[in-house]
file model_19.txt (compact mmCIF, C-alpha atoms)
# COMPACT_ATOMS: atom_id res chain seq x y z
CA MET A 1 30.58 73.00 123.80
CA TYR A 2 32.75 75.92 122.57
CA ASN A 3 31.22 79.18 121.54
CA LEU A 4 32.09 81.07 118.35
CA PHE A 5 34.57 83.47 120.01
CA GLN A 6 36.63 80.65 121.53
CA ARG A 7 36.88 78.91 118.16
CA LEU A 8 37.76 82.17 116.40
CA GLY A 9 40.43 82.89 119.04
CA SER A 10 42.08 79.49 118.67
CA ILE A 11 42.05 79.69 114.85
CA THR A 12 43.60 83.20 115.00
CA SER A 13 46.24 82.02 117.46
CA LEU A 14 47.18 79.08 115.22
CA ALA A 15 47.33 81.34 112.13
CA MET A 16 49.57 83.89 113.89
CA SER A 17 51.89 81.15 115.17
CA MET A 18 52.22 79.70 111.65
CA PHE A 19 52.79 83.19 110.22
CA MET A 20 55.56 83.90 112.77
CA ALA A 21 57.23 80.57 111.97
CA LEU A 22 57.13 81.45 108.26
CA LEU A 23 58.68 84.89 108.92
CA ILE A 24 61.49 83.35 110.97
CA LEU A 25 62.17 80.83 108.19
CA ILE A 26 62.27 83.62 105.57
CA SER A 27 64.60 85.71 107.73
CA ALA A 28 66.98 82.81 108.38
CA THR A 29 67.27 81.63 104.75
CA THR A 30 67.54 84.91 102.80
CA PRO A 31 71.32 85.47 103.30
CA PHE A 32 71.99 82.03 101.79
CA ILE A 33 70.28 82.71 98.46
CA PRO A 34 73.12 82.60 95.89
CA SER A 35 74.05 85.79 94.05
CA ASN A 36 76.94 86.48 91.71
CA PRO A 37 77.28 90.21 91.08
CA THR A 38 79.82 91.23 88.46
CA HIS A 39 81.92 94.27 89.23
CA GLU A 40 85.03 96.14 88.24
CA VAL A 41 86.49 99.26 89.82
CA THR A 42 89.25 101.14 87.99
CA LEU A 43 91.09 104.04 89.60
CA HIS A 44 92.30 106.65 87.11
CA ASP A 45 93.67 109.54 89.08
CA VAL A 46 94.26 110.71 92.65
CA LYS A 47 94.94 114.40 93.24
CA THR A 48 95.74 115.87 96.62
CA THR A 49 95.15 119.51 97.46
CA THR A 50 95.52 121.62 100.57
CA GLY A 51 92.73 123.69 102.12
CA ARG A 52 90.05 123.34 99.45
CA MET A 53 87.06 122.63 101.67
CA VAL A 54 85.25 125.39 103.53
CA ASP A 55 83.67 123.92 106.63
CA PRO A 56 82.41 126.39 109.26
CA ALA A 57 82.79 123.81 112.03
CA ASP A 58 86.39 122.91 111.13
CA ARG A 59 88.93 125.64 111.82
CA THR A 60 91.85 123.54 110.51
CA SER A 61 90.49 123.10 106.99
CA ARG A 62 92.90 125.61 105.46
CA SER A 63 95.93 123.52 106.34
CA ALA A 64 94.39 120.06 105.79
CA GLU A 65 94.99 117.87 102.75
CA TYR A 66 92.09 116.52 100.71
CA ALA A 67 92.19 113.85 98.02
CA ARG A 68 90.05 113.83 94.89
CA LEU A 69 89.61 110.49 93.15
CA THR A 70 88.64 109.75 89.56
CA PHE A 71 87.36 106.22 89.01
CA ASP A 72 85.31 103.97 86.75
CA LEU A 73 82.76 101.52 88.10
CA ASP A 74 81.15 98.71 86.11
CA ALA A 75 78.78 96.54 88.13
CA ASP A 76 75.80 94.33 87.42
CA LEU A 77 74.01 93.78 90.72
CA THR A 78 70.75 92.36 89.36
CA SER A 79 71.54 88.89 90.75
CA MET A 80 71.41 90.32 94.29
CA PHE A 81 67.72 91.18 93.94
CA ASN A 82 65.37 88.45 95.11
CA TRP A 83 61.87 88.30 96.57
CA ASN A 84 63.11 89.61 99.95
CA THR A 85 65.34 92.47 98.70
CA LYS A 86 63.92 95.93 99.27
CA LEU A 87 66.94 97.82 97.97
CA LEU A 88 70.73 97.69 97.68
CA PHE A 89 73.09 100.22 99.19
CA ALA A 90 76.35 100.31 97.22
CA TYR A 91 79.26 102.35 98.48
CA ILE A 92 83.01 102.75 98.01
CA THR A 93 85.31 103.25 100.98
CA ALA A 94 88.92 104.34 101.24
CA ASP A 95 90.61 102.20 103.89
CA PHE A 96 94.07 103.07 105.20
CA GLU A 97 96.30 103.07 108.24
CA SER A 98 98.02 106.16 109.59
CA PRO A 99 100.07 107.05 112.65
CA GLY A 100 97.82 107.56 115.66
CA PHE A 101 94.82 105.97 113.93
CA ASP A 102 95.11 102.26 113.21
CA THR A 103 92.07 101.90 111.00
CA ASN A 104 90.53 104.61 108.87
CA ARG A 105 87.50 103.90 106.70
CA ILE A 106 86.03 106.83 104.80
CA VAL A 107 83.03 106.57 102.47
CA VAL A 108 83.88 108.42 99.27
CA TRP A 109 80.90 107.44 97.08
CA ASP A 110 77.50 105.82 97.58
CA ARG A 111 74.28 105.03 95.76
CA ILE A 112 70.89 103.59 96.70
CA ILE A 113 69.63 101.05 94.14
CA ARG A 114 65.88 100.53 94.40
CA ASN A 115 65.16 98.10 91.54
CA THR A 116 66.79 95.91 88.89
CA ARG A 117 66.69 98.70 86.27
CA GLN A 118 69.06 100.74 88.45
CA ALA A 119 71.23 97.71 89.33
CA LYS A 120 73.49 97.99 86.29
CA LEU A 121 76.06 100.64 87.18
CA ARG A 122 78.31 102.07 84.49
CA LEU A 123 80.12 105.12 85.78
CA ARG A 124 82.91 106.75 83.78
CA LYS A 125 85.41 109.29 85.12
CA ASN A 126 83.35 109.66 88.27
CA HIS A 127 84.68 111.69 91.20
CA ASN A 128 84.30 111.02 94.89
CA LYS A 129 81.05 112.31 96.28
CA TYR A 130 82.43 112.99 99.76
CA PHE A 131 85.72 114.55 100.83
CA LEU A 132 88.61 112.20 101.51
CA ARG A 133 90.62 113.59 104.40
CA ASN A 134 92.79 112.04 107.08
CA TYR A 135 92.20 112.92 110.73
CA ALA A 136 95.90 113.83 111.00
CA LYS A 137 95.27 116.58 108.37
CA THR A 138 97.94 115.09 106.10
CA PHE A 139 98.36 111.96 104.01
CA GLU A 140 102.01 111.67 104.98
CA ASN A 141 102.88 108.21 106.37
CA VAL A 142 99.59 106.70 105.15
CA ARG A 143 100.04 103.00 104.42
CA ASN A 144 98.00 100.03 103.20
CA ALA A 145 95.49 102.23 101.39
CA ASN A 146 92.72 100.49 99.43
CA LEU A 147 89.49 101.35 97.67
CA THR A 148 86.75 98.83 98.47
CA LEU A 149 83.32 98.41 96.89
CA HIS A 150 80.72 97.30 99.44
CA ILE A 151 77.16 96.19 98.76
CA ASN A 152 74.59 96.13 101.54
CA PRO A 153 71.32 94.37 100.61
CA VAL A 154 68.40 95.74 102.63
CA PRO A 155 65.75 93.01 103.04
CA TYR A 156 62.06 93.45 103.65
CA LEU A 157 62.44 91.02 106.51
CA GLY A 158 65.59 89.84 108.26
CA ILE A 159 69.09 90.89 109.08
CA MET A 160 71.11 93.30 106.94
CA TYR A 161 74.62 92.20 106.04
CA ASP A 162 77.56 93.84 104.30
CA LYS A 163 79.34 92.30 101.33
CA SER A 164 82.79 93.54 100.25
CA VAL A 165 83.07 92.64 96.60
CA ALA A 166 86.08 94.46 95.14
CA THR A 167 89.29 95.90 96.57
CA ILE A 168 91.97 97.78 94.64
CA PRO A 169 95.14 99.46 95.95
CA LEU A 170 95.12 103.21 96.42
CA ASP A 171 98.25 105.37 96.32
CA ILE A 172 97.65 108.82 97.82
CA PRO A 173 100.31 111.26 96.60
CA ARG A 174 101.60 114.25 98.52
CA PRO A 175 100.31 117.61 97.25
CA GLU A 176 102.62 119.53 95.00
CA ARG A 177 104.28 122.46 96.71
CA ARG A 178 104.43 125.70 94.81
CA ALA A 179 107.79 127.38 94.54
CA SER A 180 107.83 130.62 96.52
CA GLY A 181 109.17 133.81 95.05
CA ALA A 182 110.08 134.33 91.38

call {"tool": "encode", "arguments": {"input": "model_19.txt", "output": "structure tokens"}}
result
Amino acid sequence: MYNLFQRLGSITSLAMSMFMALLILISATTPFIPSNPTHEVTLHDVKTTTGRMVDPADRTSRSAEYARLTFDLDADLTSMFNWNTKLLFAYITADFESPGFDTNRIVVWDRIIRNTRQAKLRLRKNHNKYFLRNYAKTFENVRNANLTLHINPVPYLGIMYDKSVATIPLDIPRPERRASGA
């Protein structure tokens, strides 16, 4: 009644439909797998300097203020790895409000974690990887400043989501002015 190609086509169609249903189920359930990462961020020192960065595209860099952070990070992110986790993207942001710019979020450090051996982070006296600078060129009138550790699990299949796991207050000092003369 049916030839071999019709039977093969209907079996393939059924298999692909079942496979798609399985992929949708995996994608929908992965964010709900429980994970309890342990973490601690300690800020040691914040130093502010003027005009330290040389950027050929930025002509105002000589008068701008830059902050250099020194921090410790202890984190065990092994519980965030499961059968659908390809890698973790961990990063620290400096979040603050300033006049003219309601929300500022600047990434100051990041790391790609590819397996469970790399998931135990123990950083001591680490400095920010990227420059911390305000668009207004000064940290004067900066308020509500925080350092936040974010973890972004990248799945093999499904939607990526961002998890903020630790927030500590950040006080950005004004740079010391040198006395002129004498």

call {"tool": "residues_near_point", "arguments": {"input": "model_19.txt", "point": "(61.6, 97.4, 93.9)", "cutoff": "8 Å", "atoms": "all atoms listed in the file", "output": "PyMOL selection string"}}
result
chain A and resi 85-87+114-116

call {"tool": "residues_near_point", "arguments": {"input": "model_19.txt", "point": "(64.1, 90.0, 101.4)", "cutoff": "7 Å", "atoms": "all atoms listed in the file", "output": "ChimeraX atom specification"}}
result
/A:30,82-86,155-157

call {"tool": "axis_aligned_box", "arguments": {"input": "model_19.txt", "around": "range 117-136 of chain A", "padding_each_side": "4 Å", "output": "lines of an AutoDock Vina configuration file"}}
result
center_x = 81.3
center_y = 106.1
center_z = 97.4
size_x = 37.2
size_y = 24.8
size_z = 35.2

call {"tool": "closest_residue", "arguments": {"input": "model_19.txt", "among": "A:His127, A:His150, A:Lys137, A:Arg122", "to": "Val46 in chain A", "atoms": "all atoms listed in the file"}}
result
A:His127

call {"tool": "closest_residue", "arguments": {"input": "model_19.txt", "among": "A:Leu8, A:Val142, A:Ile26, A:Leu132", "to": "Glu97 in chain A", "atoms": "all atoms listed in the file"}}
result
A:Val142

call {"tool": "atom_distance", "arguments": {"input": "model_19.txt", "atom1": "CA of Phe96 in chain A", "atom2": "CA of Leu170 in chain A"}}
result
8.8 Å

call {"tool": "closest_residue", "arguments": {"input": "model_19.txt", "among": "A:Val108, A:Ala94, A:Leu77, A:Ala64", "to": "Arg143 in chain A", "atoms": "all atoms listed in the file"}}
result
A:Ala94

call {"tool": "atom_distance", "arguments": {"input": "model_19.txt", "atom1": "CA of Ile92 in chain A", "atom2": "CA of Thr29 in chain A"}}
result
27.2 Å

call {"tool": "residues_around", "arguments": {"input": "model_19.txt", "residues": "Asn146 in chain A", "least_positions_apart": "5", "cutoff": "12 Å", "atoms": "all atoms listed in the file", "output": "PDB file with C-alpha atoms, in the coordinates of the input"}}
result
ATOM      1  CA  VAL A  41      86.490  99.260  89.820  1.00  0.00           C
ATOM      2  CA  THR A  42      89.250 101.140  87.990  1.00  0.00           C
ATOM      3  CA  LEU A  43      91.090 104.040  89.600  1.00  0.00           C
ATOM      4  CA  ILE A  92      83.010 102.750  98.010  1.00  0.00           C
ATOM      5  CA  THR A  93      85.310 103.250 100.980  1.00  0.00           C
ATOM      6  CA  ALA A  94      88.920 104.340 101.240  1.00  0.00           C
ATOM      7  CA  ASP A  95      90.610 102.200 103.890  1.00  0.00           C
ATOM      8  CA  PHE A  96      94.070 103.070 105.200  1.00  0.00           C
ATOM      9  CA  GLU A  97      96.300 103.070 108.240  1.00  0.00           C
ATOM     10  CA  THR A 103      92.070 101.900 111.000  1.00  0.00           C
ATOM     11  CA  ASN A 104      90.530 104.610 108.870  1.00  0.00           C
ATOM     12  CA  ARG A 105      87.500 103.900 106.700  1.00  0.00           C
ATOM     13  CA  ILE A 106      86.030 106.830 104.800  1.00  0.00           C
ATOM     14  CA  VAL A 107      83.030 106.570 102.470  1.00  0.00           C
ATOM     15  CA  VAL A 108      83.880 108.420  99.270  1.00  0.00           C
ATOM     16  CA  ALA A 166      86.080  94.460  95.140  1.00  0.00           C
ATOM     17  CA  THR A 167      89.290  95.900  96.570  1.00  0.00           C
ATOM     18  CA  ILE A 168      91.970  97.780  94.640  1.00  0.00           C
ATOM     19  CA  PRO A 169      95.140  99.460  95.950  1.00  0.00           C
ATOM     20  CA  LEU A 170      95.120 103.210  96.420  1.00  0.00           C
ATOM     21  CA  ASP A 171      98.250 105.370  96.320  1.00  0.00           C
ATOM     22  CA  ILE A 172      97.650 108.820  97.820  1.00  0.00           C
TER      23      ILE A 172
END

call {"tool": "atom_distance", "arguments": {"input": "model_19.txt", "atom1": "CA of Val154 in chain A", "atom2": "CA of Ala21 in chain A"}}
result
21.0 Å

call {"tool": "closest_residue", "arguments": {"input": "model_19.txt", "among": "A:Phe139, A:Phe81, A:Trp109, A:Phe101", "to": "Ile33 in chain A", "atoms": "all atoms listed in the file"}}
result
A:Phe81

call {"tool": "closest_residue", "arguments": {"input": "model_19.txt", "among": "A:Leu23, A:Leu149, A:Leu88, A:Ala28", "to": "Asp72 in chain A", "atoms": "all atoms listed in the file"}}
result
A:Leu149

call {"tool": "closest_residue", "arguments": {"input": "model_19.txt", "among": "A:Ala136, A:Ala90, A:Val165, A:Leu147", "to": "Ser63 in chain A", "atoms": "only C-alpha atoms"}}
result
A:Ala136

call {"tool": "decode", "arguments": {"input": "model_19.txt", "residues": "range 13-124 of chain A", "atoms": "C-alpha atoms", "output": "JSON list (two decimals), in the first residue's frame"}}
result
[["chain", "number", "residue", "atom", "x", "y", "z"],
["A", 13, "SER", "CA", 8.76, 13.54, 10.33],
["A", 14, "LEU", "CA", 7.67, 11.92, 13.61],
["A", 15, "ALA", "CA", 11.28, 11.75, 14.86],
["A", 16, "MET", "CA", 11.92, 15.42, 14.04],
["A", 17, "SER", "CA", 8.68, 16.50, 15.73],
["A", 18, "MET", "CA", 9.61, 14.56, 18.88],
["A", 19, "PHE", "CA", 13.13, 16.00, 18.79],
["A", 20, "MET", "CA", 11.78, 19.57, 18.51],
["A", 21, "ALA", "CA", 9.41, 18.96, 21.43],
["A", 22, "LEU", "CA", 12.35, 17.69, 23.50],
["A", 23, "LEU", "CA", 14.45, 20.77, 22.63],
["A", 24, "ILE", "CA", 11.62, 23.11, 23.62],
["A", 25, "LEU", "CA", 11.21, 21.26, 26.93],
["A", 26, "ILE", "CA", 14.97, 21.50, 27.62],
["A", 27, "SER", "CA", 15.00, 25.20, 26.77],
["A", 28, "ALA", "CA", 12.01, 25.97, 28.99],
["A", 29, "THR", "CA", 13.22, 24.07, 32.08],
["A", 30, "THR", "CA", 16.93, 24.97, 32.23],
["A", 31, "PRO", "CA", 16.56, 28.36, 34.02],
["A", 32, "PHE", "CA", 14.66, 26.62, 36.84],
["A", 33, "ILE", "CA", 17.44, 24.17, 37.74],
["A", 34, "PRO", "CA", 18.51, 25.20, 41.27],
["A", 35, "SER", "CA", 22.00, 26.61, 41.79],
["A", 36, "ASN", "CA", 23.56, 28.14, 44.88],
["A", 37, "PRO", "CA", 26.82, 29.86, 44.00],
["A", 38, "THR", "CA", 28.85, 31.17, 46.92],
["A", 39, "HIS", "CA", 30.49, 34.54, 46.48],
["A", 40, "GLU", "CA", 32.14, 37.38, 48.32],
["A", 41, "VAL", "CA", 33.44, 40.65, 46.91],
["A", 42, "THR", "CA", 35.64, 42.85, 49.09],
["A", 43, "LEU", "CA", 36.70, 46.32, 47.97],
["A", 44, "HIS", "CA", 40.09, 47.39, 49.34],
["A", 45, "ASP", "CA", 41.00, 50.65, 47.70],
["A", 46, "VAL", "CA", 39.69, 53.19, 45.20],
["A", 47, "LYS", "CA", 42.15, 55.69, 43.73],
["A", 48, "THR", "CA", 41.16, 58.46, 41.37],
["A", 49, "THR", "CA", 43.59, 60.06, 38.96],
["A", 50, "THR", "CA", 43.34, 62.68, 36.25],
["A", 51, "GLY", "CA", 44.42, 62.16, 32.63],
["A", 52, "ARG", "CA", 46.12, 58.77, 32.91],
["A", 53, "MET", "CA", 44.63, 57.09, 29.85],
["A", 54, "VAL", "CA", 45.93, 57.79, 26.36],
["A", 55, "ASP", "CA", 43.12, 57.23, 23.89],
["A", 56, "PRO", "CA", 43.66, 58.55, 20.34],
["A", 57, "ALA", "CA", 39.91, 58.84, 19.76],
["A", 58, "ASP", "CA", 39.25, 60.81, 22.97],
["A", 59, "ARG", "CA", 40.64, 64.34, 22.98],
["A", 60, "THR", "CA", 39.37, 65.05, 26.52],
["A", 61, "SER", "CA", 41.33, 62.27, 28.22],
["A", 62, "ARG", "CA", 43.90, 64.64, 29.72],
["A", 63, "SER", "CA", 41.31, 66.38, 31.86],
["A", 64, "ALA", "CA", 39.13, 63.35, 32.67],
["A", 65, "GLU", "CA", 39.15, 61.47, 35.97],
["A", 66, "TYR", "CA", 39.71, 57.72, 36.09],
["A", 67, "ALA", "CA", 39.21, 55.38, 39.03],
["A", 68, "ARG", "CA", 41.38, 52.37, 39.82],
["A", 69, "LEU", "CA", 39.85, 49.72, 42.06],
["A", 70, "THR", "CA", 41.56, 47.07, 44.17],
["A", 71, "PHE", "CA", 39.28, 44.20, 45.18],
["A", 72, "ASP", "CA", 39.16, 40.59, 46.32],
["A", 73, "LEU", "CA", 36.77, 38.07, 44.83],
["A", 74, "ASP", "CA", 35.97, 34.66, 46.30],
["A", 75, "ALA", "CA", 33.37, 32.69, 44.36],
["A", 76, "ASP", "CA", 32.47, 29.06, 43.87],
["A", 77, "LEU", "CA", 30.30, 28.85, 40.76],
["A", 78, "THR", "CA", 30.44, 25.08, 40.23],
["A", 79, "SER", "CA", 26.77, 24.69, 41.19],
["A", 80, "MET", "CA", 25.78, 26.78, 38.16],
["A", 81, "PHE", "CA", 27.17, 24.19, 35.75],
["A", 82, "ASN", "CA", 24.64, 21.60, 34.61],
["A", 83, "TRP", "CA", 24.13, 19.47, 31.52],
["A", 84, "ASN", "CA", 22.95, 22.50, 29.49],
["A", 85, "THR", "CA", 25.65, 25.01, 30.55],
["A", 86, "LYS", "CA", 28.23, 25.77, 27.89],
["A", 87, "LEU", "CA", 30.09, 28.42, 29.87],
["A", 88, "LEU", "CA", 29.64, 31.16, 32.47],
["A", 89, "PHE", "CA", 30.40, 34.81, 31.90],
["A", 90, "ALA", "CA", 31.21, 36.51, 35.21],
["A", 91, "TYR", "CA", 31.66, 40.26, 35.35],
["A", 92, "ILE", "CA", 31.74, 43.13, 37.84],
["A", 93, "THR", "CA", 30.04, 46.42, 37.06],
["A", 94, "ALA", "CA", 30.24, 49.83, 38.69],
["A", 95, "ASP", "CA", 26.73, 51.29, 38.83],
["A", 96, "PHE", "CA", 26.16, 54.93, 39.75],
["A", 97, "GLU", "CA", 24.02, 57.97, 39.09],
["A", 98, "SER", "CA", 25.41, 61.32, 38.01],
["A", 99, "PRO", "CA", 23.98, 64.65, 36.86],
["A", 100, "GLY", "CA", 22.89, 64.45, 33.24],
["A", 101, "PHE", "CA", 23.08, 60.64, 33.18],
["A", 102, "ASP", "CA", 20.56, 58.83, 35.35],
["A", 103, "THR", "CA", 22.01, 55.35, 35.09],
["A", 104, "ASN", "CA", 25.65, 54.50, 34.46],
["A", 105, "ARG", "CA", 26.80, 50.89, 34.33],
["A", 106, "ILE", "CA", 30.45, 50.30, 33.50],
["A", 107, "VAL", "CA", 32.06, 46.86, 33.31],
["A", 108, "VAL", "CA", 35.32, 46.99, 35.24],
["A", 109, "TRP", "CA", 36.28, 43.28, 35.25],
["A", 110, "ASP", "CA", 35.17, 40.12, 33.46],
["A", 111, "ARG", "CA", 36.08, 36.48, 33.00],
["A", 112, "ILE", "CA", 34.85, 33.60, 30.84],
["A", 113, "ILE", "CA", 34.56, 30.34, 32.81],
["A", 114, "ARG", "CA", 34.50, 27.32, 30.52],
["A", 115, "ASN", "CA", 34.41, 24.39, 32.97],
["A", 116, "THR", "CA", 34.06, 23.48, 36.65],
["A", 117, "ARG", "CA", 37.84, 23.56, 37.21],
["A", 118, "GLN", "CA", 37.82, 27.29, 36.41],
["A", 119, "ALA", "CA", 34.61, 27.93, 38.39],
["A", 120, "LYS", "CA", 36.35, 28.49, 41.72],
["A", 121, "LEU", "CA", 37.54, 32.09, 41.64],
["A", 122, "ARG", "CA", 39.97, 33.33, 44.26],
["A", 123, "LEU", "CA", 41.36, 36.71, 43.29],
["A", 124, "ARG", "CA", 43.46, 38.74, 45.70]]
